Amino acid sequence: MTKLLPFFVILLLAPFAGASDQRPVLSLVIDDLGYSFKQGKAALNLGSDHTYAIIPGTIYGKKLATLADENSREIILHLPLQASSRLAAAESNTLTESMNENQITLNTVAMLSEFPNIKGINNHMGSHLTEISYFMRPIMESIKAYRSQLYFLDSVTTSRSVAHIEAINSGLDSVKRDVFLDNEHTNPESIKFQFDLWLDKARDTGSAVAIGHPHPETIAFLTENLPLFEKNFRFMRLSELISAAKTASRLLEPQAYLTNFE
Ligand SMILES: [Zn+2]
């Protein structure tokens, strides 16, 4: 077995071999929390167990992190990275290609320390920066050095993203987003279509990760539809999905497990 058997391959092959509950697993991440307390709170009130990505430096970020903690919800840092479009709205703390490696590292650590209870990180935007290993490597290495147990979720805002592979290369657990639920959030048919893609992917491969946003239309759709699928699917926060996949991979490939996750 090669030294760096990618974690995501194991995840795709047989996520939960040996587990008694064979239902496909759905992981839902709600991005972009922090600008609206009302919408953030509505997202945190969704039934079942999901993951919430908070943008650092936002007016309600810390308050929502506290609320998430009080309600035993999993939070991750929604790390702002430079998009390819100059028209895309950027956060004031967005990491950009104008920064040197030292600035990238210092800014990453400053944002990580804003929310003490995060379990992982995913990228906010980043269709430009995630394509460049020169920037993604120090970001992943500083995350690993900051707290080695943190995981990375590649939001995959560009098909040429190297974030996932650089996370693995730095020794982080890493997963990739499969489906965006609400790129057309004002169109309920589009949300339904994307929601069905998420279910299909989970049925096909055993698990699937979707990202949605706290738009009122999305939250209304999820509030109505998530309960309909609780019988035939399992909902898992990302840390649970990763730990279940690691357990399954250990059952399948003991040597690979020891090599990669010790
Ligand atoms: Zn975002």
# chains A, B, ... in the order shown; residues from 1 in each chain; ligands from 1
>>> residues_near_ligand(ligand="ligand 1", cutoff="7 Å", atoms="only C-alpha atoms and all ligand atoms", output="PyMOL selection string")
chain A and resi 31-32+78+123-125
>>> write_last_selection(atoms="C-alpha atoms", output="PDB file, in the first residue's frame")
ATOM      1  CA  ASP A  31     -21.835  28.426   5.000  1.00  0.00           C
ATOM      2  CA  ASP A  32     -21.559  32.188   5.390  1.00  0.00           C
ATOM      3  CA  HIS A  78     -15.163  29.743   6.890  1.00  0.00           C
ATOM      4  CA  ASN A 123     -12.873  27.936   2.183  1.00  0.00           C
ATOM      5  CA  HIS A 124     -15.173  30.896   1.589  1.00  0.00           C
ATOM      6  CA  MET A 125     -14.917  31.738  -2.142  1.00  0.00           C
TER       7      MET A 125
END
>>> residues_around(residues="A:Ser190", least_positions_apart="6", cutoff="12 Å", atoms="only C-alpha atoms", output="MDAnalysis selection string")
chainID A and resid 180:184 196:197 217:218 221
>>> select_by_dssp(residues="stretch 26-249 of chain A", states="strand (DSSP E)", output="CSV table (one decimal) with C-alpha atoms, in the first residue's frame")
chain,number,residue,atom,x,y,z
A,26,LEU,CA,-25.8,13.0,4.4
A,27,SER,CA,-23.6,15.8,5.7
A,28,LEU,CA,-24.9,19.3,5.4
A,29,VAL,CA,-22.8,22.4,5.9
A,30,ILE,CA,-24.4,25.8,6.1
A,31,ASP,CA,-21.8,28.4,5.0
A,32,ASP,CA,-21.6,32.2,5.4
A,33,LEU,CA,-22.8,32.6,9.0
A,51,THR,CA,-22.1,21.7,10.5
A,52,TYR,CA,-22.0,25.5,10.5
A,53,ALA,CA,-19.3,27.6,8.8
A,54,ILE,CA,-18.7,31.1,10.3
A,74,GLU,CA,-20.5,21.7,15.2
A,75,ILE,CA,-18.8,24.9,13.9
A,76,ILE,CA,-16.0,25.4,11.4
A,77,LEU,CA,-14.0,28.5,10.3
A,78,HIS,CA,-15.2,29.7,6.9
A,79,LEU,CA,-11.8,31.0,5.7
A,80,PRO,CA,-12.1,33.8,3.2
A,81,LEU,CA,-9.8,33.3,0.1
A,120,GLY,CA,-12.4,22.3,11.0
A,121,ILE,CA,-12.1,24.8,8.3
A,122,ASN,CA,-13.6,25.3,4.8
A,123,ASN,CA,-12.9,27.9,2.2
A,124,HIS,CA,-15.2,30.9,1.6
A,125,MET,CA,-14.9,31.7,-2.1
A,151,TYR,CA,-10.1,18.9,9.4
A,152,PHE,CA,-10.4,20.7,6.1
A,153,LEU,CA,-13.4,20.7,3.8
A,154,ASP,CA,-12.6,21.8,0.3
A,173,ASP,CA,-8.0,14.9,7.4
A,174,SER,CA,-9.8,16.4,4.4
A,175,VAL,CA,-13.1,15.9,2.5
A,176,LYS,CA,-14.6,17.6,-0.6
A,179,VAL,CA,-23.1,19.5,-4.1
A,180,PHE,CA,-24.0,23.2,-3.7
A,207,SER,CA,-22.1,9.4,1.7
A,208,ALA,CA,-22.3,12.9,0.3
A,209,VAL,CA,-21.4,16.4,1.5
A,210,ALA,CA,-23.7,19.4,0.5
A,211,ILE,CA,-23.1,23.1,1.2
A,212,GLY,CA,-26.0,25.5,1.5
A,234,ARG,CA,-28.3,9.3,8.4
A,235,PHE,CA,-27.3,12.9,9.0
>>> atom_distance(atom1="atom CA of A:Glu97", atom2="atom CA of A:Ile165")
19.4 Å
>>> residues_around(residues="stretch 127-130 of chain A", least_positions_apart="2", cutoff="6 Å", atoms="only C-alpha atoms", output="mmCIF file with N, CA and C atoms, in the first residue's frame")
data_model
loop_
_atom_site.group_PDB
_atom_site.id
_atom_site.type_symbol
_atom_site.label_atom_id
_atom_site.label_comp_id
_atom_site.auth_asym_id
_atom_site.auth_seq_id
_atom_site.Cartn_x
_atom_site.Cartn_y
_atom_site.Cartn_z
ATOM 1 N N GLN A 82 -9.201 34.563 -1.808
ATOM 2 C CA GLN A 82 -9.428 35.390 -3.004
ATOM 3 C C GLN A 82 -10.121 34.613 -4.127
ATOM 4 N N ALA A 83 -11.169 35.234 -4.686
ATOM 5 C CA ALA A 83 -11.882 34.654 -5.828
ATOM 6 C C ALA A 83 -11.229 35.087 -7.135
ATOM 7 N N SER A 84 -11.566 34.398 -8.211
ATOM 8 C CA SER A 84 -10.976 34.754 -9.506
ATOM 9 C C SER A 84 -11.611 36.019 -10.079
ATOM 10 N N MET A 125 -15.367 31.303 -0.808
ATOM 11 C CA MET A 125 -14.917 31.738 -2.142
ATOM 12 C C MET A 125 -13.607 31.018 -2.506
ATOM 13 N N ILE A 132 -3.722 27.478 -6.375
ATOM 14 C CA ILE A 132 -2.275 27.725 -6.328
ATOM 15 C C ILE A 132 -1.645 27.092 -5.081
ATOM 16 N N THR A 157 -14.687 25.577 -5.082
ATOM 17 C CA THR A 157 -15.258 26.709 -5.817
ATOM 18 C C THR A 157 -14.624 26.839 -7.194
ATOM 19 N N THR A 158 -13.644 25.985 -7.486
ATOM 20 C CA THR A 158 -13.081 25.855 -8.833
ATOM 21 C C THR A 158 -12.725 24.384 -9.027
ATOM 22 N N SER A 161 -9.172 23.230 -7.981
ATOM 23 C CA SER A 161 -8.711 23.448 -6.602
ATOM 24 C C SER A 161 -7.673 22.397 -6.195
ATOM 25 N N VAL A 162 -6.609 22.863 -5.542
ATOM 26 C CA VAL A 162 -5.612 21.946 -4.975
ATOM 27 C C VAL A 162 -5.715 21.930 -3.448
ATOM 28 N N ALA A 163 -6.752 22.564 -2.896
ATOM 29 C CA ALA A 163 -6.869 22.675 -1.433
ATOM 30 C C ALA A 163 -6.949 21.296 -0.773
#
>>> closest_residue(among="A:Asn93, A:Ile118, A:Ser48, A:Asp200", to="A:Thr66", atoms="only C-alpha atoms")
A:Ile118
>>> atom_distance(atom1="atom CA of A:Phe229", atom2="atom CA of A:Thr205")
17.0 Å
>>> atom_distance(atom1="atom CA of A:Pro138", atom2="atom CA of A:Gln103")
10.0 Å
